[in-house]
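Shown next, in structure tokens, is the structure this report addresses.
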Amino acid sequence: MSVVLPDEDHTIPRIDFELSAACDHKCAHCYNVWTAKSGDAQAGYDIRAQLRTASLLKLMTKAIEQSGAQHVTITGGEPLLRQDALKIIRHACELVHTVTLISNGSHIPPESAADLADMGVRQVQLTLLAGNRELHDELKGAVCFDDTVRAALDLRDAGVPVQVCYVSMKQNAGELERVMELCVALGVKALSYNRMSPTGGAIHHIERLLPTMEIIEADLTIADRMGRAYGIHVGTAMPVMPCLIRYERFPWIQFGLCSTGTEAPNIVVDGQGNVRSCNLSSGIMGNLVTQDWAEIYSNPYQKEFRRTVPEMCRGCAYETTCQGGCKESAYATFGSHEHPEPLLFSSVVNAK
Amino acid sequence: MAPPPNRPLPPSLLLALGLATASSTLTACACLKVGACLNYSTPHTGETGGDADTDTDTDTDTDTDTDTDTAPCLGAPIDTADTATDTATDTGPVADEDLDQVIDRLIVSGVLPADVRARLQGRLDTE
């Protein structure tokens, strides 16, 4: 194997690994690109040939050594459906400073929680969509609420901090307060607030699920108040664009914008070694099995992506930082990175 | 194989990952109209700071406009007096309920499975 030392041209601080495309939850809002349907812009993402354990460990080592990443996020699908998941996570912990696991919460019995603590996993992200099991399970398409809260408590008792992911949708409008109360009870100190990501198969449920800005604003008001009151860190991963809301009204909340093409991109490697600019993107920049990191990273996808913004965003003070929100959701939904993305479209263009 | 360089993660990434507590939040532009204006065809004119200061606007107007009531924004006008001293490091308002009260109410509500309720109750009893 060739050795390519990281340099400033292609070094990144973090990298995500999609260990498995499989998942036993059936969320209508699932953003994974392989759930896109025939005819969709993101259709045809091939997930058939997942790497076996030895090959995946080798690939992970190569990715981390060549990219210089110091943080790894393990995600999926549901990563813990892989029988070798804990072995792979342990390997990641040996290679980098911090490892985060994103799980659907149905596969973390107490002994696994203890294993994750032993490995030094820095944080596990679990999803809570509602403050009651009926609505949560309905939105997840699985009986999983009880397992999720048990996992949160088991992880806490094992010493692994839990971050709760809350996905804001029309169908769970008004549930954030109950979810944050659960966070209080379960000892959760971090909340990732994400409005629904309209990519993958989720684009077929936009009308039914995409939250309005009124819902998002009400949520953020609650998150700001309760986060501050109970010491729960709140951040947003899916961008809420600064033309739609005033960040200064929510000083407790850390607003995130699209990171593609920045110094800290959210680059993801799937279970076949394919590298994409983020987990919402279906555009493959290269494959780490056959290519080195430097070659993949030099793929023009990120730069071209960064140059492309909706016409309506040209001239905005936030043009270069906001980029019009989530352009991958624009591509998934409308077939173009230049089209206003669904939240922008529904809130501004379509509302006029 | 060369080991990965031993560099700390940038604070912004730690924050984004929820691995650190915010000591400061994204600073909105001092011009409250910027980025919150629906008149997209007109470049902003009053930017004096913030995170988005990367455009090529040559306007030298440094007016820190606070006339938010007239800004054609989607977000509700804010009371700058209320937020002027607001920072993420505030200890914040006193919670309506303390932690034990919230947990106690959740235990009673029956929302949580019985074994989880028992564990939380046990924790309350021993604290």
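In the structure tokens, each chain is lettered A, B, ... as it comes, each chain's residues begin at 1, and ligands are numbered from 1 in order of appearance.
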TODO: Give the strand (DSSP E) residues of stretch 50-243 of chain A, as assigned by DSSP on the backbone, as a ChimeraX atom specification.
DONE: /A:71-76,98-102,123-127,162-168,190-195,233-236
Dump of N, CA, C and O atoms for the selected residues, as a short mmCIF file (atom, residue, chain, number, x, y, z; two decimals), in the first residue's frame:
data_model
loop_
_atom_site.label_atom_id
_atom_site.label_comp_id
_atom_site.auth_asym_id
_atom_site.auth_seq_id
_atom_site.Cartn_x
_atom_site.Cartn_y
_atom_site.Cartn_z
N HIS A 71 -11.28 12.62 14.23
CA HIS A 71 -12.58 12.23 14.77
C HIS A 71 -13.27 11.33 13.76
O HIS A 71 -13.25 11.60 12.56
N VAL A 72 -13.87 10.27 14.26
CA VAL A 72 -14.64 9.36 13.41
C VAL A 72 -16.07 9.27 13.93
O VAL A 72 -16.29 9.14 15.14
N THR A 73 -17.00 9.37 13.02
CA THR A 73 -18.40 9.08 13.34
C THR A 73 -18.79 7.79 12.65
O THR A 73 -18.61 7.63 11.45
N ILE A 74 -19.30 6.87 13.43
CA ILE A 74 -19.77 5.58 12.90
C ILE A 74 -21.28 5.66 12.73
O ILE A 74 -22.01 5.95 13.68
N THR A 75 -21.73 5.43 11.51
CA THR A 75 -23.16 5.57 11.24
C THR A 75 -23.61 4.50 10.27
O THR A 75 -22.92 3.53 10.01
N GLY A 76 -24.79 4.65 9.71
CA GLY A 76 -25.33 3.66 8.79
C GLY A 76 -26.34 4.31 7.86
O GLY A 76 -26.18 5.49 7.52
N THR A 98 -11.30 10.86 19.00
CA THR A 98 -12.70 10.77 19.45
C THR A 98 -13.54 10.01 18.42
O THR A 98 -13.37 10.18 17.22
N VAL A 99 -14.44 9.20 18.94
CA VAL A 99 -15.35 8.43 18.09
C VAL A 99 -16.78 8.64 18.59
O VAL A 99 -17.06 8.54 19.78
N THR A 100 -17.65 8.95 17.65
CA THR A 100 -19.07 9.06 17.94
C THR A 100 -19.81 7.95 17.20
O THR A 100 -19.49 7.65 16.05
N LEU A 101 -20.77 7.36 17.86
CA LEU A 101 -21.60 6.32 17.24
C LEU A 101 -23.02 6.85 17.08
O LEU A 101 -23.59 7.39 18.04
N ILE A 102 -23.56 6.70 15.89
CA ILE A 102 -24.96 7.05 15.66
C ILE A 102 -25.74 5.75 15.48
O ILE A 102 -25.43 4.97 14.58
N GLN A 123 -19.17 9.51 22.44
CA GLN A 123 -20.58 9.90 22.46
C GLN A 123 -21.40 8.95 21.59
O GLN A 123 -20.91 8.50 20.55
N VAL A 124 -22.62 8.68 22.02
CA VAL A 124 -23.54 7.90 21.20
C VAL A 124 -24.76 8.76 20.92
O VAL A 124 -25.32 9.35 21.85
N GLN A 125 -25.13 8.84 19.65
CA GLN A 125 -26.32 9.61 19.30
C GLN A 125 -27.51 8.67 19.10
O GLN A 125 -27.42 7.72 18.33
N LEU A 126 -28.58 8.94 19.83
CA LEU A 126 -29.82 8.18 19.71
C LEU A 126 -30.93 9.15 19.30
O LEU A 126 -30.86 10.33 19.63
N THR A 127 -31.92 8.63 18.63
CA THR A 127 -32.99 9.49 18.15
C THR A 127 -34.24 9.35 19.04
O THR A 127 -34.67 8.24 19.34
N VAL A 162 -24.58 10.61 26.00
CA VAL A 162 -25.57 10.41 24.92
C VAL A 162 -25.97 11.77 24.37
O VAL A 162 -26.17 12.73 25.12
N GLN A 163 -26.05 11.83 23.05
CA GLN A 163 -26.64 12.99 22.39
C GLN A 163 -27.96 12.52 21.78
O GLN A 163 -27.99 11.49 21.10
N VAL A 164 -29.00 13.25 22.04
CA VAL A 164 -30.29 12.90 21.44
C VAL A 164 -30.46 13.69 20.14
O VAL A 164 -30.19 14.89 20.08
N CYS A 165 -30.87 12.98 19.10
CA CYS A 165 -31.22 13.62 17.83
C CYS A 165 -32.73 13.76 17.76
O CYS A 165 -33.46 12.78 17.94
N TYR A 166 -33.18 14.97 17.55
CA TYR A 166 -34.61 15.21 17.37
C TYR A 166 -34.83 15.70 15.95
O TYR A 166 -34.20 16.67 15.52
N VAL A 167 -35.64 15.00 15.19
CA VAL A 167 -35.94 15.38 13.82
C VAL A 167 -37.29 16.09 13.81
O VAL A 167 -38.31 15.50 14.15
N SER A 168 -37.26 17.35 13.44
CA SER A 168 -38.48 18.15 13.44
C SER A 168 -39.29 17.90 12.16
O SER A 168 -38.77 18.03 11.05
N ALA A 190 -26.76 16.72 25.55
CA ALA A 190 -26.56 17.29 24.21
C ALA A 190 -27.74 16.89 23.33
O ALA A 190 -28.18 15.74 23.33
N LEU A 191 -28.24 17.86 22.57
CA LEU A 191 -29.35 17.62 21.66
C LEU A 191 -28.98 18.13 20.28
O LEU A 191 -28.53 19.26 20.12
N SER A 192 -29.15 17.26 19.28
CA SER A 192 -28.97 17.69 17.90
C SER A 192 -30.36 17.92 17.31
O SER A 192 -31.14 16.97 17.16
N TYR A 193 -30.66 19.17 17.05
CA TYR A 193 -31.98 19.51 16.51
C TYR A 193 -31.88 19.59 15.00
O TYR A 193 -31.12 20.39 14.45
N ASN A 194 -32.59 18.74 14.34
CA ASN A 194 -32.51 18.71 12.88
C ASN A 194 -33.89 18.75 12.28
O ASN A 194 -34.73 17.89 12.56
N ARG A 195 -34.11 19.76 11.45
CA ARG A 195 -35.35 19.70 10.69
C ARG A 195 -35.17 18.59 9.65
O ARG A 195 -34.05 18.29 9.24
N HIS A 233 -26.70 21.15 25.84
CA HIS A 233 -26.14 21.79 24.65
C HIS A 233 -27.04 21.48 23.46
O HIS A 233 -27.43 20.34 23.24
N VAL A 234 -27.37 22.50 22.69
CA VAL A 234 -28.24 22.30 21.51
C VAL A 234 -27.54 22.81 20.27
O VAL A 234 -27.05 23.95 20.22
N GLY A 235 -27.45 21.96 19.26
CA GLY A 235 -26.89 22.37 17.98
C GLY A 235 -27.77 21.91 16.85
O GLY A 235 -28.56 20.97 17.01
N THR A 236 -27.67 22.58 15.72
CA THR A 236 -28.41 22.14 14.54
C THR A 236 -27.41 21.65 13.50
O THR A 236 -26.39 22.29 13.26
#
Open item on the list: as number ranges by chain, please: the residues near A:Asp118 (cut-off 12 Å, only C-alpha atoms, same-chain neighbours under 5 positions excluded).
Closed with: A: 86, 89-90, 93-94, 111-113, 155, 158-160
Task: Counting only C-alpha atoms, the residue of A:Ser38, A:Gln66, A:Ser103, A:Asn172 that sits nearest chain B - done: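 Residue with the minimum atom-to-atom distance to chain B: A:Gln66.
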Once you count only C-alpha atoms, what closest atom pair and distance in Å to one decimal does each residue of chain A within 7 Å of chain B have, with rows by chain and rising residue number, as CSV?
residue,atom,partner,partner_atom,distance
A:Val3,CA,B:Met1,CA,6.5
A:Leu5,CA,B:Ala2,CA,7.0
A:Pro13,CA,B:Leu9,CA,6.5
A:Glu65,CA,B:Pro4,CA,5.3
A:Gly68,CA,B:Pro4,CA,5.2
A:Gln70,CA,B:Leu9,CA,6.8
A:Asn132,CA,B:Val111,CA,5.8
A:Asp146,CA,B:Pro113,CA,6.1
A:Arg150,CA,B:Val116,CA,6.5
A:Glu181,CA,B:Val102,CA,6.7
A:Val184,CA,B:Leu99,CA,6.7
A:Ala185,CA,B:Ile103,CA,4.9
A:Ala190,CA,B:Gly18,CA,6.2
A:Arg228,CA,B:Gly92,CA,5.3
A:Ala229,CA,B:Ala95,CA,4.9
A:Tyr230,CA,B:Ala95,CA,6.9
A:His233,CA,B:Thr21,CA,6.3
A:Gly235,CA,B:Ala16,CA,6.7
A:Pro242,CA,B:Gly35,CA,5.5
A:Cys243,CA,B:Ala36,CA,4.0
A:Leu244,CA,B:Leu74,CA,5.6
A:Ile245,CA,B:Gly75,CA,4.8
A:Arg246,CA,B:Gly75,CA,5.9
A:Tyr247,CA,B:Ala28,CA,6.5
A:Glu248,CA,B:Ala28,CA,6.1
A:Arg249,CA,B:Ile78,CA,6.9
A:Pro251,CA,B:Ala88,CA,5.4
A:Trp252,CA,B:Ala88,CA,4.7
A:Gln254,CA,B:Thr25,CA,5.7
A:Phe255,CA,B:Leu26,CA,6.8
A:Gly256,CA,B:Ala16,CA,6.8
A:Met312,CA,B:Tyr40,CA,5.9
A:Cys313,CA,B:Tyr40,CA,6.4
A:Gly315,CA,B:Pro43,CA,4.7
A:Cys316,CA,B:Pro43,CA,5.7
A:Ala317,CA,B:Gly35,CA,5.9
A:Tyr318,CA,B:Ala52,CA,5.2
A:Thr320,CA,B:Thr54,CA,6.9
A:Thr321,CA,B:Ala52,CA,6.1
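Between atom CA of A:Gly324 and atom CA of A:Asp224 the interatomic distance comes to 23.8 Å.
Picture a line from atom CA of A:Ala22 to atom CA of A:Met196; it runs 20.2 Å.
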Open item on the list: Please compute the atom CA of A:Arg225-atom CA of A:Glu207 distance, one decimal, in Å.
Closed with: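 Answer for the atom CA of A:Arg225 to atom CA of A:Glu207 separation: 29.1 Å.
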